[in-house]
Structures are given as C-alpha cells and as structure tokens.
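Novice: Take this structure, written in structure tokens, and hold onto it; I'll ask about it next.
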Amino acid sequence: MNNPFYLSAMKPARQLTLFDVSILVISFVIGMGIFRTPANVAAAVPTPFIFYAAWIVGGLIAFCGALTFAEIGSRLPATGGYYKIFSYAYHPSIAFAVNCIILVSNAASLAAVAIVGGEYITGILIPQTKNIQWMAVVANTHYIQTIQIVIAIVAVLLFYGVNLLGLKMSARTQNVLTIIKVSMVVLLILPLFLTTTIASETPQITSTLKPALMEYIKAFGIGLVAVSFTYGGYQQTINFGEEVRNPKKTVPRAIFTGMTVIVVLYLLINYAYVKVIGFNELKSAKNIAAIMASKVFGENAERVLSVLLFFSVLAYVNVLLMSNPRVMAAMAEDKILPPSFKKRNESTGVLVTSLSVFSAICILIIFWAKEFDAILSFTIFLDCFGMALSAGSIFIIRKKTAYLDGSGIYKMKAYPLLPLIFIAAYTFVAVSIFVTNTAISLIALAVLAAFMIIYFIAYAINKKKNKF
C-alpha cells in the first residue's frame, strides 16, 4: 500500500458530507458564466442549431470529465489533489508548472466572474435617471468600470474574511449561497412554463451562399470555448479529498450528482434565453439574465434579479477561495513553495498564507483584466493543458493503484473511451483558441515554459542548500 496520498503528516479533520461536496461541485461550475457566456456562444455561431449543439456536446464532455475525475478522486483522496495527481503520475516539474498556470487561470476565472457581477450590480447602484448631469457622469465608461472593479475587489475581501473563520463556516456559507444561486437559475427557467411569449426575431440580411463545412466547424469550436468555461470547475472537488467523509464513495457520488443537476439546468436555461430574448438579440446582449427577467416580469424584477446574481458571484468567489489555497499547500508539502504555505492556523485549520496569497493574485488580475471578454480565451487556453493532462493521468494512476481495485473505490465504465473523448475535446478547444487568438495562446505557452524554468531553478537552489 505504497500510496503517498495516505501519508500526510498533518491530516485535517474530515468535515465535508455528501451534501457539502455536491454543493461544492455545483458551486465550482455554476459561476456567473451561465448568465454571460450564452451571448458569447450565440455571437460565435450562425444558427440556433449549432448553439444548442455546443451546449449539448459541452455537457457530454463535462460528464466524461466528471466521471474521469471521480475515479481519480476516489483512488487518490488528498488535500490539494489536483496538484498531487500531476506529481504522482508525471513529474514534479510538470505538477508545478501546470498547477501554477491553473492557479493563475482560476484567479482569472474568479476575476472574470467578479467583474460580471459588478456589471449587474452597477445597474442597481447607478439607476437610469432623467437627471442630465448624473447621466453625463454615468456615461463616463471609466467611471463605471472603476465602480465595477471596486465591487469585485470588495467581494474577494469579504470572502477572504469568511474563509479565515474556517472550513466549516466557509462550507455553510457556500451551501446557502449555492441554494440561492440554483433557485435563481430555476427562476429564469420558469418563463418556459409561465408564459407563451416568444421573442420575435428581426430578419437579418445574409449571403445566399451557405458557409462551408470548415466554417461551421470553426464556429462550433469558438462557441465551445465559452461553453467549456461555463461547464468547467468540477475537477477542483478533488482538492478536498482528505477533508471529506468516506472520500472513496462520497467524491464520485457528489461529482455525478452535481454534474447531472448542472447539465439539466444549463440546457433548460439556454432554451429559455433563446425563446424569451431571441437568438439574434442574444448575440449582442450582456446582462442577459436581467434582460430576460425584465421582458417577462418587468423592470423591478430586473433589479431584484441583479441583486440575486451578485449572490452568485459571492458563491463562486467563496468556493475558489476555499479550493485553491489547498493546491498551494500541496505544493509546499513537496517543498516547491515555502513551508508557510502549508501551515494551518491551530484553532481554525485555515491555510492563512496560501489563502492570503491567492486572494492577492485575484485582486491583481481584477485590475489587469477589467473586462470579462479579455480574460475568457486566456483562461480557457490555460485550462486546456490542465484538463487534458490531469484526465490523461488516469491511465498511469490506474496502473500504480491497481491494488485498490475491489476495495470499494469508484471505477468508471466505458474506460478508456470516456477520458479519451474528454482529452480530444479539450485539444480541439485549445486548437480553436490558438487559431482565433494566437497572441494570447503564445503568451499562455510562454507562461507555462517560464514556470517550468522556475521549478528547475528552485530545485537546483534547494539541492545546493541541502549539501551544506
């Protein structure tokens, strides 16, 4: 039984139940993306058919990934498991480089979601008014953007404080916020059943020439970028392995339960968007959830929904602040980061240094990004490496942990087809991003190479110190 994931010196208390972990899965995936990215997908594709196809295919890919990560989490339950699997299956340098870019990517995702939340809540803080002088101030884009940045930073600081109080407090807060968030998604789906209103589409002048097959494939690939962002996040559940009760069974059950709920909700809400807003209008919409609420329930409902959407931001901010410091702690256990990153507060069990550093990175990226669209391709391109490599680790991990077979762990069916589909899909998404955003892709590759160089420099320095 030579599994290093069971040999941690300071094991944290197992506090998380099946319900808690299922809520975490839903929270990781349902951020603000579903209230923003459908507009990106609609703008990228020529027809509603391809729009729906992107969401259906994205859901199937997410299931393939969820089942793959369910088995990985069952075989290797550990704090910071998303780092540990790279080190265990490949090499510490790959683990360091990939997880550094994943940390940056997650911080970018948090920043993007916080900024979208700022877009929604700014509409409440700065209502449209007939006052000419006030409207002149509001018309200042820089002024509005500054308010959105401040709101995003306040959200990070607020839940930095909540996470300092301990995992149980963070989990309880997350449960409440996620229930509010899921209820809001259900609320947006209700118009399908409460109204017969269907958006009237304005005819668009289009060429009589049909796009070539390659153009459809390219459009589908671009649309799948935003879909992948919206479905992503469930893999981070394995970071809580040592803090889950009976993780071998709880983690896979929670991932499967959470992803089933998410896929159903996503398909329904996208159908509702197209039916109520209209496919052509959706292409240029930003605050699509608020627009939809306004069309069905009136202007006051739009304001109420914008507030609820901000609660969704808080839920996503909180869950990423819960997860990512655990990856940094795992890196400290391998002596890649300083020991302070794995040190827990004696009374709360909080990884104070890791939490503080990750929160600071999120705030810096909020300043750098400023707009949601500027972050999306960069984030997903970075994620493609992590997702494909981590899913590919199942082929190595299965062999190394063969002694666990028959011990009650989860084993996916249709192996190796499911992980192969998942890897192929994320390779396709990466290629799509590279073709359409070559400069951003090259920056991401340079960042990956830089982190690998940093690892070998740090390794050489540590090796030299150990000689003396």
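Chain identifiers are assigned as A, B, and so on, following the order in which chains appear in the structure tokens; residues are numbered from 1 within each chain, and ligands are numbered from 1 in order of appearance.
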For range 387-396 of chain A, find every residue with an atom within 7 Å (counting only C-alpha atoms), except residues of its own chain fewer than 5 positions away, and show them as a PyMOL selection string.
Specialist: chain A and resi 68-69+72+86+89+419+423+426
Novice: List the spatial neighbours of Val327 in chain A as a PyMOL selection string - criterion: any atom at most 12 Å away, only C-alpha atoms, same-chain residues fewer than 4 positions off excluded.
Specialist: chain A and resi 78-87+95-96+98-104+106+236-241+320-323+331-334+336-337+341-342+351+354-355+358
Novice: For Ser359 in chain A, please output as a list in words all residues within 9 Å (counting only C-alpha atoms; exclusion window: fewer than 6 positions along the same chain).
Specialist: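 The filter keeps Ala107, Val156, Leu157, Tyr160 and Leu321 of chain A.
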Novice: Save the residues we just selected, C-alpha atoms, as an mmCIF file, in the first residue's frame?
Specialist:
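Done, and the output landed in out16.cif:
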data_model
loop_
_atom_site.group_PDB
_atom_site.id
_atom_site.type_symbol
_atom_site.label_atom_id
_atom_site.label_comp_id
_atom_site.auth_asym_id
_atom_site.auth_seq_id
_atom_site.Cartn_x
_atom_site.Cartn_y
_atom_site.Cartn_z
ATOM 1 C CA ALA A 107 -7.704 33.534 -10.220
ATOM 2 C CA VAL A 156 -12.887 38.996 -2.765
ATOM 3 C CA LEU A 157 -12.028 40.731 0.521
ATOM 4 C CA TYR A 160 -11.284 36.222 2.305
ATOM 5 C CA LEU A 321 -11.010 30.849 -2.203
#
Novice: Point out the residue among A:Val41, A:Ala108, A:Ala219, A:Val261 with the least atom-to-atom distance to Ile380 in chain A, counting only C-alpha atoms.
Specialist: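 Ranked by minimum distance to Ile380 in chain A, first place goes to A:Ala108.
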Novice: According to DSSP computed on the backbone, where in range 287-346 of chain A is there helix (DSSP H, G or I)? Give the residues as JSON, numbers by chain.
Specialist: {"A": [288, 289, 290, 291, 292, 293, 294, 295, 296, 297, 299, 300, 301, 302, 303, 304, 305, 306, 307, 308, 309, 310, 311, 312, 313, 314, 315, 316, 317, 318, 319, 320, 321, 322, 323, 324, 325, 326, 327, 328, 329, 330, 331, 332, 333, 339, 340, 341, 342]}
Novice: For those residues, write C-alpha atoms to a file as a PDB file, in the first residue's frame.
Specialist:
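Wrote it out as out_32.pdb, contents follow:
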ATOM      1  CA  ILE A 288     -28.834  38.541 -20.410  1.00  0.00           C
ATOM      2  CA  ALA A 289     -30.413  37.274 -17.187  1.00  0.00           C
ATOM      3  CA  ALA A 290     -31.549  40.762 -16.203  1.00  0.00           C
ATOM      4  CA  ILE A 291     -32.836  41.415 -19.743  1.00  0.00           C
ATOM      5  CA  MET A 292     -34.817  38.193 -19.628  1.00  0.00           C
ATOM      6  CA  ALA A 293     -36.326  38.972 -16.222  1.00  0.00           C
ATOM      7  CA  SER A 294     -37.297  42.448 -17.451  1.00  0.00           C
ATOM      8  CA  LYS A 295     -39.029  41.030 -20.537  1.00  0.00           C
ATOM      9  CA  VAL A 296     -41.076  38.540 -18.534  1.00  0.00           C
ATOM     10  CA  PHE A 297     -41.607  40.080 -15.096  1.00  0.00           C
ATOM     11  CA  GLU A 299     -38.284  46.344 -14.683  1.00  0.00           C
ATOM     12  CA  ASN A 300     -38.499  45.775 -10.921  1.00  0.00           C
ATOM     13  CA  ALA A 301     -37.811  42.077 -11.424  1.00  0.00           C
ATOM     14  CA  GLU A 302     -34.665  43.027 -13.332  1.00  0.00           C
ATOM     15  CA  ARG A 303     -33.361  44.913 -10.294  1.00  0.00           C
ATOM     16  CA  VAL A 304     -34.176  42.073  -7.892  1.00  0.00           C
ATOM     17  CA  LEU A 305     -32.539  39.539 -10.196  1.00  0.00           C
ATOM     18  CA  SER A 306     -29.405  41.654 -10.484  1.00  0.00           C
ATOM     19  CA  VAL A 307     -29.040  41.516  -6.696  1.00  0.00           C
ATOM     20  CA  LEU A 308     -29.528  37.733  -6.725  1.00  0.00           C
ATOM     21  CA  LEU A 309     -26.940  37.445  -9.483  1.00  0.00           C
ATOM     22  CA  PHE A 310     -24.481  39.233  -7.250  1.00  0.00           C
ATOM     23  CA  PHE A 311     -25.066  36.497  -4.660  1.00  0.00           C
ATOM     24  CA  SER A 312     -23.995  34.064  -7.385  1.00  0.00           C
ATOM     25  CA  VAL A 313     -20.760  35.994  -7.687  1.00  0.00           C
ATOM     26  CA  LEU A 314     -20.219  35.703  -3.944  1.00  0.00           C
ATOM     27  CA  ALA A 315     -20.769  31.929  -4.092  1.00  0.00           C
ATOM     28  CA  TYR A 316     -18.201  31.487  -6.864  1.00  0.00           C
ATOM     29  CA  VAL A 317     -15.667  33.768  -5.183  1.00  0.00           C
ATOM     30  CA  ASN A 318     -16.053  31.849  -1.925  1.00  0.00           C
ATOM     31  CA  VAL A 319     -15.649  28.389  -3.424  1.00  0.00           C
ATOM     32  CA  LEU A 320     -12.473  29.298  -5.326  1.00  0.00           C
ATOM     33  CA  LEU A 321     -11.010  30.849  -2.203  1.00  0.00           C
ATOM     34  CA  MET A 322     -11.816  27.568  -0.431  1.00  0.00           C
ATOM     35  CA  SER A 323     -10.162  25.330  -3.037  1.00  0.00           C
ATOM     36  CA  ASN A 324      -7.051  26.937  -4.487  1.00  0.00           C
ATOM     37  CA  PRO A 325      -5.091  27.529  -1.256  1.00  0.00           C
ATOM     38  CA  ARG A 326      -5.167  23.743  -0.802  1.00  0.00           C
ATOM     39  CA  VAL A 327      -3.280  23.335  -4.082  1.00  0.00           C
ATOM     40  CA  MET A 328      -0.656  25.765  -2.824  1.00  0.00           C
ATOM     41  CA  ALA A 329      -0.395  23.780   0.430  1.00  0.00           C
ATOM     42  CA  ALA A 330       0.191  20.586  -1.567  1.00  0.00           C
ATOM     43  CA  MET A 331       2.986  22.326  -3.471  1.00  0.00           C
ATOM     44  CA  ALA A 332       4.534  23.367  -0.146  1.00  0.00           C
ATOM     45  CA  GLU A 333       4.439  19.741   1.045  1.00  0.00           C
ATOM     46  CA  PRO A 339       6.700  25.775   4.339  1.00  0.00           C
ATOM     47  CA  SER A 340       4.470  28.680   5.442  1.00  0.00           C
ATOM     48  CA  PHE A 341       2.077  27.834   2.564  1.00  0.00           C
ATOM     49  CA  LYS A 342       1.121  24.542   4.209  1.00  0.00           C
TER      50      LYS A 342
END
